[in-house]
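Below is my_file20.txt, which holds compact mmCIF, C-alpha atoms.
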```txt
# COMPACT_ATOMS: atom_id res chain seq x y z
CA MET A 97 -23.54 31.31 23.59
CA THR A 98 -25.74 31.23 20.46
CA ALA A 99 -22.78 31.96 18.20
CA HIS A 100 -20.78 29.24 19.93
CA LEU A 101 -23.56 26.66 19.42
CA ARG A 102 -23.91 27.68 15.78
CA GLY A 103 -20.17 27.26 15.26
CA THR A 104 -20.22 23.86 16.95
CA ALA A 105 -23.09 22.74 14.72
CA ASN A 106 -21.13 23.84 11.67
CA GLN A 107 -18.07 21.84 12.79
CA ASP A 108 -20.27 18.79 13.41
CA ARG A 109 -21.35 18.90 9.75
CA PHE A 110 -17.77 19.01 8.53
CA PRO A 111 -17.17 15.22 8.16
CA ALA A 112 -20.44 14.66 6.31
CA GLU A 113 -19.74 17.55 3.94
CA THR A 114 -16.08 16.80 3.21
CA GLU A 115 -15.16 13.16 3.81
CA ARG A 116 -16.59 11.94 0.49
CA PHE A 117 -13.88 13.90 -1.34
CA ARG A 118 -10.93 12.35 0.49
CA ARG A 119 -10.05 9.71 -2.14
CA GLU A 120 -10.09 12.11 -5.07
CA LEU A 121 -8.08 14.67 -3.10
CA LEU A 122 -5.51 11.97 -2.37
CA ALA A 123 -5.27 11.26 -6.10
CA HIS A 124 -4.91 14.99 -6.78
CA CYS A 125 -2.10 15.42 -4.27
CA TYR A 126 -0.37 12.33 -5.68
CA ARG A 127 -0.51 13.74 -9.21
CA MET A 128 1.02 16.94 -7.89
CA VAL A 129 3.88 15.48 -5.85
CA GLY A 130 4.50 11.97 -7.24
CA SER A 131 4.67 10.31 -3.81
CA ALA A 132 1.93 8.27 -2.16
CA HIS A 133 3.40 8.84 1.30
CA ASP A 134 3.64 12.61 0.79
CA ALA A 135 0.14 12.70 -0.71
CA GLU A 136 -1.27 11.12 2.45
CA ASP A 137 0.39 13.78 4.59
CA LEU A 138 -0.79 16.59 2.32
CA VAL A 139 -4.38 15.38 2.43
CA GLN A 140 -4.18 15.32 6.22
CA GLU A 141 -2.90 18.89 6.17
CA THR A 142 -5.69 19.85 3.75
CA TYR A 143 -8.39 18.51 6.06
CA LEU A 144 -6.81 20.13 9.10
CA ARG A 145 -6.80 23.54 7.40
CA ALA A 146 -10.30 23.00 6.07
CA TRP A 147 -11.63 22.06 9.51
CA ARG A 148 -10.07 25.14 11.07
CA SER A 149 -11.66 27.46 8.51
CA TYR A 150 -14.93 25.59 7.95
CA ALA A 151 -16.96 27.90 10.20
CA GLY A 152 -16.09 30.76 7.86
CA PHE A 153 -16.95 28.89 4.66
CA GLU A 154 -19.61 30.99 2.97
CA ALA A 155 -20.46 28.68 0.05
CA ARG A 156 -19.50 31.21 -2.62
CA ALA A 157 -18.00 28.17 -4.35
CA SER A 158 -18.85 24.49 -4.01
CA ILE A 159 -17.40 22.59 -1.06
CA ARG A 160 -15.45 20.48 -3.58
CA SER A 161 -13.73 23.42 -5.27
CA TRP A 162 -13.05 24.96 -1.84
CA LEU A 163 -11.27 21.77 -0.76
CA TYR A 164 -9.32 21.63 -4.02
CA LYS A 165 -8.21 25.21 -3.47
CA ILE A 166 -6.82 24.29 -0.08
CA ALA A 167 -5.25 21.03 -1.31
CA THR A 168 -3.63 22.60 -4.38
CA ASN A 169 -2.05 25.39 -2.40
CA VAL A 170 -0.88 22.96 0.28
CA CYS A 171 0.85 20.99 -2.50
CA LEU A 172 2.38 24.07 -4.09
CA THR A 173 3.82 25.15 -0.74
CA ALA A 174 5.21 21.66 -0.12
CA LEU A 175 6.83 21.53 -3.58
CA GLU A 176 8.75 24.79 -3.24
CA PRO A 177 11.83 23.41 -1.43
CA ARG A 178 11.78 19.92 -2.94
CA ARG A 179 13.49 18.28 -5.88
CA ILE A 180 11.17 16.72 -8.41
CA ARG A 181 10.53 13.00 -8.17
CA VAL A 182 11.81 11.01 -11.13
CA LEU A 183 12.30 7.55 -12.56
CA PRO A 184 15.65 6.36 -13.93
CA SER A 185 14.51 7.27 -17.46
CA GLY A 186 14.26 10.87 -16.26
CA LEU A 187 17.97 10.98 -15.44
CA ALA A 188 19.62 9.97 -18.74
CA GLY A 189 19.21 7.95 -21.92
CA PRO A 190 19.03 4.14 -22.01
CA HIS A 191 22.01 2.13 -20.84
CA ASP A 192 24.48 1.42 -23.66
CA ALA A 193 26.62 -1.19 -21.86
CA PRO A 194 24.39 -4.22 -21.23
CA ASP A 195 27.29 -6.34 -19.98
CA ARG A 196 27.91 -3.99 -17.05
CA PRO A 197 25.79 -4.52 -13.91
CA PRO A 198 23.42 -1.72 -12.90
CA SER A 199 24.72 0.78 -10.36
CA HIS A 200 22.89 2.13 -7.31
CA VAL A 201 22.18 5.81 -6.99
CA ALA A 202 23.67 7.12 -3.75
CA PRO A 203 21.13 7.56 -0.93
CA GLY A 204 19.63 11.04 -0.98
CA GLU A 205 20.98 11.85 -4.44
CA VAL A 206 17.62 11.44 -6.19
CA SER A 207 14.00 11.69 -5.09
CA TRP A 208 12.26 8.72 -6.66
CA LEU A 209 8.71 8.60 -7.93
CA GLU A 210 6.47 6.24 -5.96
CA PRO A 211 3.64 3.96 -7.15
CA LEU A 212 0.11 4.44 -5.81
CA PRO A 213 -2.07 1.54 -4.60
CA ASP A 214 -5.30 1.42 -6.59
CA ARG A 215 -7.27 0.59 -3.45
CA TRP A 216 -6.45 4.00 -2.01
CA ILE A 217 -8.33 5.89 -4.68
CA ALA A 218 -10.97 3.45 -5.98
CA PRO A 219 -14.32 5.31 -6.29
CA ALA A 220 -16.51 4.43 -3.33
CA ASP A 221 -19.58 3.94 -5.54
CA ASP A 222 -17.84 1.47 -7.91
CA ASP A 223 -18.75 3.60 -10.91
CA PRO A 224 -16.97 1.84 -13.84
CA ALA A 225 -16.63 5.05 -15.87
CA ALA A 226 -15.16 6.95 -12.92
CA THR A 227 -12.77 4.07 -12.26
CA VAL A 228 -11.42 4.11 -15.82
CA ILE A 229 -10.96 7.90 -15.78
CA ALA A 230 -9.13 7.71 -12.45
CA ARG A 231 -6.84 4.98 -13.77
CA GLU A 232 -5.99 6.81 -16.98
CA SER A 233 -5.05 9.98 -15.11
CA LEU A 234 -2.76 8.06 -12.73
CA ARG A 235 -0.68 6.02 -15.20
CA LEU A 236 2.95 6.00 -14.10
CA ALA A 237 4.22 7.43 -17.39
CA LEU A 238 1.88 10.41 -17.05
CA ILE A 239 2.72 10.99 -13.39
CA ALA A 240 6.44 10.88 -14.22
CA SER A 241 5.97 13.41 -17.02
CA LEU A 242 3.88 15.74 -14.84
CA GLN A 243 6.74 16.03 -12.35
CA HIS A 244 8.87 17.75 -15.01
CA LEU A 245 6.38 20.62 -15.37
CA PRO A 246 6.78 23.74 -13.24
CA ALA A 247 4.56 23.29 -10.19
CA ARG A 248 1.94 25.91 -11.11
CA GLN A 249 1.74 24.68 -14.72
CA ARG A 250 1.32 21.18 -13.33
CA ALA A 251 -1.54 22.40 -11.14
CA ILE A 252 -3.21 24.19 -14.04
CA LEU A 253 -3.00 21.16 -16.30
CA ILE A 254 -4.38 18.81 -13.64
CA LEU A 255 -7.20 21.15 -12.62
CA ARG A 256 -8.25 21.85 -16.21
CA GLU A 257 -7.52 18.61 -18.09
CA VAL A 258 -8.00 15.95 -15.42
CA LEU A 259 -10.53 17.49 -13.03
CA ALA A 260 -12.41 19.59 -15.61
CA PHE A 261 -12.49 22.79 -13.58
CA SER A 262 -13.25 25.83 -15.72
CA ALA A 263 -10.60 28.47 -16.41
CA ALA A 264 -12.39 30.80 -13.99
CA GLU A 265 -12.56 28.15 -11.26
CA THR A 266 -8.90 27.28 -11.78
CA ALA A 267 -7.95 30.95 -11.56
CA ASP A 268 -9.84 31.23 -8.27
CA ILE A 269 -8.16 28.11 -6.87
CA LEU A 270 -4.71 29.44 -7.77
CA GLY A 271 -5.39 33.10 -7.00
CA THR A 272 -4.58 34.26 -10.53
CA THR A 273 -6.33 35.41 -13.71
CA THR A 274 -8.11 33.38 -16.37
CA ALA A 275 -5.63 34.74 -18.92
CA ALA A 276 -2.75 33.35 -16.85
CA VAL A 277 -4.54 30.00 -16.59
CA LYS A 278 -5.05 29.79 -20.35
CA SER A 279 -1.43 30.72 -21.03
CA GLY A 280 -0.14 28.26 -18.43
CA LEU A 281 -2.29 25.47 -19.84
CA GLN A 282 -0.96 26.07 -23.34
CA ARG A 283 2.64 25.89 -22.15
CA ALA A 284 1.94 22.81 -20.02
CA ARG A 285 0.33 20.98 -22.94
CA ALA A 286 3.29 21.76 -25.18
CA ARG A 287 5.83 20.59 -22.61
CA LEU A 288 3.87 17.43 -21.83
CA GLY A 289 3.77 16.65 -25.56
CA GLU A 290 7.57 16.83 -25.63
CA LEU A 291 7.88 14.50 -22.65
CA GLU A 292 5.30 11.92 -23.79
CA PRO A 293 5.00 12.27 -27.58
CA GLU A 294 3.43 8.82 -28.08
CA ALA A 295 0.74 8.11 -25.53
CA GLU A 296 -0.11 4.41 -25.41
CA GLU A 297 -3.48 2.78 -24.99
CA LEU A 298 -2.94 0.40 -22.11
CA LEU A 299 -5.10 -2.58 -21.29
CA GLU A 300 -7.17 -2.30 -18.13
CA PRO A 301 -5.87 -4.45 -15.24
CA THR A 302 -9.14 -6.41 -15.35
CA ASP A 303 -8.58 -7.37 -19.01
CA GLN A 304 -7.73 -11.07 -19.32
CA ARG A 305 -4.88 -10.22 -21.71
CA ALA A 306 -3.33 -7.91 -19.11
CA ARG A 307 -3.64 -10.54 -16.39
CA ALA A 308 -2.04 -13.15 -18.69
CA LEU A 309 0.93 -10.85 -19.27
CA LEU A 310 1.32 -10.27 -15.52
CA ASP A 311 1.07 -14.01 -14.84
CA GLY A 312 3.75 -14.65 -17.45
CA TYR A 313 6.08 -12.04 -15.92
CA ILE A 314 5.60 -13.51 -12.45
CA ALA A 315 6.22 -17.05 -13.74
CA ALA A 316 9.43 -15.96 -15.46
CA PHE A 317 10.86 -14.67 -12.18
CA GLU A 318 9.63 -17.46 -9.95
CA ARG A 319 11.00 -20.10 -12.36
CA SER A 320 14.09 -18.07 -13.31
CA ASP A 321 13.11 -18.55 -16.95
CA ALA A 322 14.32 -15.79 -19.26
CA GLY A 323 12.62 -17.49 -22.19
CA LEU A 324 9.21 -16.75 -20.70
CA LEU A 325 10.00 -13.04 -20.82
CA GLU A 326 10.19 -13.23 -24.61
CA GLN A 327 6.49 -14.12 -24.60
CA VAL A 328 5.65 -11.16 -22.34
CA LEU A 329 7.77 -8.20 -23.44
CA ARG A 330 7.34 -6.27 -26.68
CA THR A 331 10.36 -5.97 -28.92
CA ASP A 332 10.60 -2.27 -28.00
CA ALA A 333 10.01 -2.80 -24.28
CA THR A 334 11.83 -0.71 -21.69
CA LEU A 335 12.91 -1.71 -18.19
CA GLU A 336 13.85 0.55 -15.32
CA ALA A 337 14.18 0.04 -11.59
CA THR A 338 14.84 2.26 -8.61
CA PRO A 339 17.28 2.78 -6.98
CA PHE A 340 19.40 2.03 -10.05
CA ARG A 341 20.64 4.75 -12.36
CA GLU A 342 20.64 2.76 -15.61
CA TRP A 343 17.58 1.68 -17.58
CA HIS A 344 17.28 -0.52 -20.65
CA ALA A 345 15.52 -0.26 -23.99
CA GLY A 346 14.63 -3.16 -26.28
CA ARG A 347 13.52 -6.67 -25.33
CA VAL A 348 16.92 -8.22 -26.04
CA ASN A 349 18.74 -5.80 -23.73
CA CYS A 350 16.10 -6.09 -21.01
CA ILE A 351 16.18 -9.88 -20.96
CA HIS A 352 19.99 -9.99 -21.11
CA MET A 353 20.27 -7.74 -18.04
CA LEU A 354 17.62 -9.65 -16.08
CA ASP A 355 19.09 -13.04 -16.94
CA ALA A 356 22.63 -11.96 -16.08
CA TYR A 357 22.06 -10.01 -12.88
CA VAL A 358 18.54 -10.45 -11.49
CA LEU A 359 16.69 -13.72 -12.14
CA GLY A 360 19.02 -15.93 -10.12
CA ALA A 361 17.90 -19.48 -9.40
CA PRO A 362 14.37 -20.93 -9.49
CA GLY A 363 12.61 -20.16 -6.21
CA ASP A 364 14.64 -17.03 -5.39
CA TRP A 365 11.68 -14.76 -6.11
CA ARG A 366 8.03 -14.80 -5.20
CA MET A 367 5.44 -12.32 -6.44
CA ILE A 368 1.80 -11.57 -5.60
CA ALA A 369 -0.47 -9.91 -8.15
CA THR A 370 -1.97 -6.51 -7.32
CA THR A 371 -2.69 -3.21 -9.09
CA ALA A 372 -1.01 0.19 -8.91
CA ASN A 373 -1.61 3.41 -10.85
CA GLY A 374 -4.39 1.70 -12.81
CA GLN A 375 -1.91 -0.92 -14.08
CA PRO A 376 -1.24 -4.59 -13.30
CA ALA A 377 1.50 -4.92 -10.70
CA ALA A 378 3.11 -7.41 -8.37
CA ILE A 379 4.43 -7.30 -4.83
CA VAL A 380 8.00 -8.63 -4.92
CA TYR A 381 9.66 -10.87 -2.33
CA TYR A 382 13.22 -12.21 -2.39
CA ARG A 383 14.49 -15.26 -0.49
CA ASP A 384 17.21 -14.28 1.98
CA ALA A 385 20.09 -16.40 3.30
CA ASP A 386 17.81 -17.89 5.97
CA GLY A 387 15.30 -19.02 3.37
CA ALA A 388 12.64 -16.45 4.29
CA PHE A 389 10.89 -14.43 1.59
CA ARG A 390 11.36 -10.78 2.56
CA ALA A 391 9.65 -7.77 1.03
CA ASN A 392 11.69 -6.26 -1.77
CA GLY A 393 9.37 -3.83 -3.56
CA ILE A 394 6.78 -3.44 -6.32
CA VAL A 395 6.88 -3.98 -10.08
CA VAL A 396 4.36 -2.22 -12.34
CA LEU A 397 3.69 -3.29 -15.94
CA ALA A 398 2.34 -1.33 -18.92
CA PRO A 399 0.32 -3.96 -20.84
CA THR A 400 -0.75 -3.43 -24.46
CA VAL A 401 -2.40 -5.71 -27.01
CA THR A 402 1.06 -6.59 -28.37
CA GLY A 403 2.75 -7.23 -25.02
CA VAL A 404 4.27 -5.31 -22.11
CA SER A 405 5.78 -2.06 -23.32
CA ARG A 406 7.27 -0.88 -20.05
CA VAL A 407 8.38 -2.45 -16.78
CA ILE A 408 9.00 -0.19 -13.80
CA ALA A 409 10.29 -1.79 -10.62
CA PHE A 410 10.62 -0.11 -7.24
CA HIS A 411 13.22 -2.19 -5.40
CA ALA A 412 14.86 -2.12 -1.97
CA ASP A 413 11.90 -0.37 -0.36
CA PRO A 414 9.91 -2.69 1.96
CA ALA A 415 7.89 0.34 3.13
CA LEU A 416 6.18 0.32 -0.26
CA VAL A 417 5.08 -3.26 0.32
CA ALA A 418 3.54 -2.28 3.66
CA MET A 419 1.81 0.64 1.93
CA PHE A 420 0.10 -1.87 -0.36
CA GLY A 421 -1.08 -3.83 2.67
CA PHE A 422 1.27 -6.82 2.38
CA PRO A 423 3.54 -8.28 5.08
CA ASP A 424 7.27 -7.75 5.39
CA VAL A 425 7.90 -11.49 5.47
CA LEU A 426 5.89 -13.93 3.37
CA ALA A 427 4.79 -17.11 5.05
CA ASP A 428 5.42 -20.35 3.14
```

Show the structure stored in the file as structure tokens.
Amino acid sequence: MTAHLRGTANQDRFPAETERFRRELLAHCYRMVGSAHDAEDLVQETYLRAWRSYAGFEARASIRSWLYKIATNVCLTALEPRRIRVLPSGLAGPHDAPDRPPSHVAPGEVSWLEPLPDRWIAPADDDPAATVIARESLRLALIASLQHLPARQRAILILREVLAFSAAETADILGTTTAAVKSGLQRARARLGELEPEAEELLEPTDQRARALLDGYIAAFERSDAGLLEQVLRTDATLEATPFREWHAGRVNCIHMLDAYVLGAPGDWRMIATTANGQPAAIVYYRDADGAFRANGIVVLAPTVTGVSRVIAFHADPALVAMFGFPDVLAD
């Protein structure tokens, strides 16, 4: 009876001891798997396993590192049978036939990267420094590059470089040696450098310059005005959109494709500003044949002091709009 009461008391403390780590664990799982939906499921699995084993937790490590050990290994197990999640730029080079319309990737052929709503992982204490760090480690370009690392190298890099666990702590989390951690980190850094050789300094979504660029992009679509895009995009801007295979490099090519195949007539599109992955973004609606604005997807911008360097759109996925907390149909 005494042992039972002691175990019950331990379980009663579980939420107070662990719940404060949920947001950062969600961010961790997202960095590992590149899907907000999957990350939610993996965090749920992490807390289920943690709850089941909490009575045996002996505090040899901190509760935080114990949870990260469970979460990381849950992610590694989930990644074993799965294809990596990519963006169109991860499939091939930029499109070299701008006069040809973009082509859909067949359903199930590719696992696409997903954006992450900022509100899911915003620090509960509104610490500005913590918010900036979280945003920088969740930029879409970085998340896309991380997916190309072997899963254990990805885990090592995230645990060491993003979460600042020591080599010894990382080795304990992964059940390996510090020497293996150091070697894996070196290889991961080298590979990441190949994938993202020129890291950009992006404007924060709260920066007035970033908001002006987002407003200009939204206005261009809602007015069907390709000329406005010239004021928003950098000359070396890139544009990619799921579920299309092709992507475009250079402002001229990007605007030509949008003007020819996407912008349509004034009033066809409506967008609502939001944030995703620490970047300015917009929820996208398209007017259907009945005149209703239906959820189409999300567009995420990479704003710099000289203009938007990268546009990534996630089309034909209303579930993403719901994930961001917006309705399927927009009321007039």

> Quick one: residues within 8 Å of Arg181 in chain A, only C-alpha atoms counted, chain neighbours fewer than 3 positions away excluded, as a ChimeraX atom specification?
Replying inline: /A:129-131,206-209,240,243

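Near Ala378 in chain A, within 9 Å and counting only C-alpha atoms, sit Leu310, Ile314, Met367, Ile368, Ala369, Thr370, Thr371, Ala372, Gly393, Ile394, Val395, Val396 and Leu397 of chain A, not including residues fewer than 6 positions from it in the same chain.
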
Write out as a Markdown table the residues of range 115-220 of chain A that have any atom within 9 Å of an atom of range 334-355 of chain A, one row each with the nearest atom pair and its distance in Å to one decimal, counting all atoms listed in the file, sorted by chain and then rising number.
```
| residue | atom | partner | partner_atom | distance |
| --- | --- | --- | --- | --- |
| A:Leu183 | CA | A:Thr338 | CA | 7.1 |
| A:Pro184 | CA | A:Arg341 | CA | 5.5 |
| A:Ser185 | CA | A:Trp343 | CA | 6.4 |
| A:Leu187 | CA | A:Arg341 | CA | 7.4 |
| A:Ala188 | CA | A:Glu342 | CA | 7.9 |
| A:Gly189 | CA | A:Trp343 | CA | 7.8 |
| A:Pro190 | CA | A:His344 | CA | 5.2 |
| A:His191 | CA | A:His344 | CA | 5.4 |
| A:Asp192 | CA | A:His344 | CA | 8.0 |
| A:Pro194 | CA | A:Met353 | CA | 6.3 |
| A:Asp195 | CA | A:Met353 | CA | 7.4 |
| A:Arg196 | CA | A:Met353 | CA | 8.6 |
| A:Pro197 | CA | A:Met353 | CA | 7.6 |
| A:Pro198 | CA | A:Glu342 | CA | 5.9 |
| A:Ser199 | CA | A:Phe340 | CA | 5.5 |
| A:His200 | CA | A:Phe340 | CA | 4.4 |
| A:Val201 | CA | A:Phe340 | CA | 5.6 |
| A:Ala202 | CA | A:Pro339 | CA | 8.4 |
| A:Pro203 | CA | A:Pro339 | CA | 8.6 |
| A:Val206 | CA | A:Pro339 | CA | 8.7 |
| A:Trp208 | CA | A:Thr338 | CA | 7.2 |
| A:Leu209 | CA | A:Thr338 | CA | 8.8 |
```

Report the closest atom pair, with its distance in Å rounded to one decimal, for each residue of range 215-332 of chain A that has an atom no farther than 7 Å from range 404-413 of chain A; count only C-alpha atoms, sort by chain and then rising residue number, and write it as JSON lines.
```
{"residue": "A:Val328", "atom": "CA", "partner": "A:Val404", "partner_atom": "CA", "distance": 6.0}
{"residue": "A:Leu329", "atom": "CA", "partner": "A:Val404", "partner_atom": "CA", "distance": 4.7}
{"residue": "A:Arg330", "atom": "CA", "partner": "A:Val404", "partner_atom": "CA", "distance": 5.6}
{"residue": "A:Asp332", "atom": "CA", "partner": "A:Ser405", "partner_atom": "CA", "distance": 6.7}
```

Would you mind exporting the chosen residues as a PDB file, in the frame of the given file, restricted to C-alpha atoms?
```
ATOM      1  CA  VAL A 328       5.650 -11.160 -22.340  1.00  0.00           C
ATOM      2  CA  LEU A 329       7.770  -8.200 -23.440  1.00  0.00           C
ATOM      3  CA  ARG A 330       7.340  -6.270 -26.680  1.00  0.00           C
ATOM      4  CA  ASP A 332      10.600  -2.270 -28.000  1.00  0.00           C
TER       5      ASP A 332
END
```

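With distances taken over all atoms listed in the file, A:Glu113 is the one residue among A:Leu245, A:Glu120, A:Arg383, A:Glu113 lying closest to Phe153 in chain A.
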
> Quick one: residues within 10 Å of Ala316 in chain A, only C-alpha atoms counted, chain neighbours fewer than 2 positions away excluded, as a ChimeraX atom specification?
Replying inline: /A:310-314,318-328,359,362,365

> From the list A:Asn373, A:Ser241, A:Thr331, A:Asn169, which residue is nearest Gly271 in chain A when using all atoms listed in the file?
Replying inline: A:Asn169

> Any idea what the distance is between CA of Glu115 in chain A and CA of Pro376 in chain A?
Replying inline: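 We find that CA of Glu115 in chain A and CA of Pro376 in chain A lie 28.3 Å from each other.
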
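Considering the residues A:Ala218, A:Ala247, A:Ala123, A:Val380 and counting only C-alpha atoms, Thr173 in chain A has its shortest atom-to-atom contact with A:Ala247.
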
>> Would you compute the distance between CA of Gly152 in chain A and CA of Pro111 in chain A? Give it in Å to one decimal.
In response: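 For CA of Gly152 in chain A relative to CA of Pro111 in chain A, the distance reads 15.6 Å.
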
> So, counting only C-alpha atoms, which residue among A:Ile239, A:Arg178, A:Val401, A:Pro211 is closest to Gln304 in chain A?
Replying inline: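 Once distances to Gln304 in chain A are computed over only C-alpha atoms, the minimum belongs to A:Val401.
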
Can you tell me, as a PDB file with C-alpha atoms, in the frame of the given file, what residues are no more than 9 Å from Leu270 in chain A when counting all atoms listed in the file, ignoring any on the same chain fewer than 6 positions away?
```pdb
ATOM      1  CA  LYS A 165      -8.210  25.210  -3.470  1.00  0.00           C
ATOM      2  CA  THR A 168      -3.630  22.600  -4.380  1.00  0.00           C
ATOM      3  CA  ASN A 169      -2.050  25.390  -2.400  1.00  0.00           C
ATOM      4  CA  ARG A 248       1.940  25.910 -11.110  1.00  0.00           C
ATOM      5  CA  ALA A 251      -1.540  22.400 -11.140  1.00  0.00           C
ATOM      6  CA  ILE A 252      -3.210  24.190 -14.040  1.00  0.00           C
ATOM      7  CA  VAL A 277      -4.540  30.000 -16.590  1.00  0.00           C
TER       8      VAL A 277
END
```

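From CA of Glu257 in chain A back to CA of Pro177 in chain A, the distance works out to 26.0 Å.
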
>> Quick one: residues within 12 Å of Arg156 in chain A, all atoms listed in the file, excluding same-chain residues fewer than 6 positions away - as a PyMOL selection string?
In response: chain A and resi 162+265+268

With the cut-off set at 10 Å and counting all atoms listed in the file, tabulate each residue of range 210-321 of chain A with an atom at most that distance from an atom of range 134-149 of chain A, showing the nearest atom pair and its distance in Å to one decimal, ordered by chain and increasing number, as a tab-separated table.
```
residue	atom	partner	partner_atom	distance
A:Glu210	CA	A:Asp134	CA	9.7
A:Leu212	CA	A:Ala135	CA	9.7
A:Trp216	CA	A:Glu136	CA	9.9
```
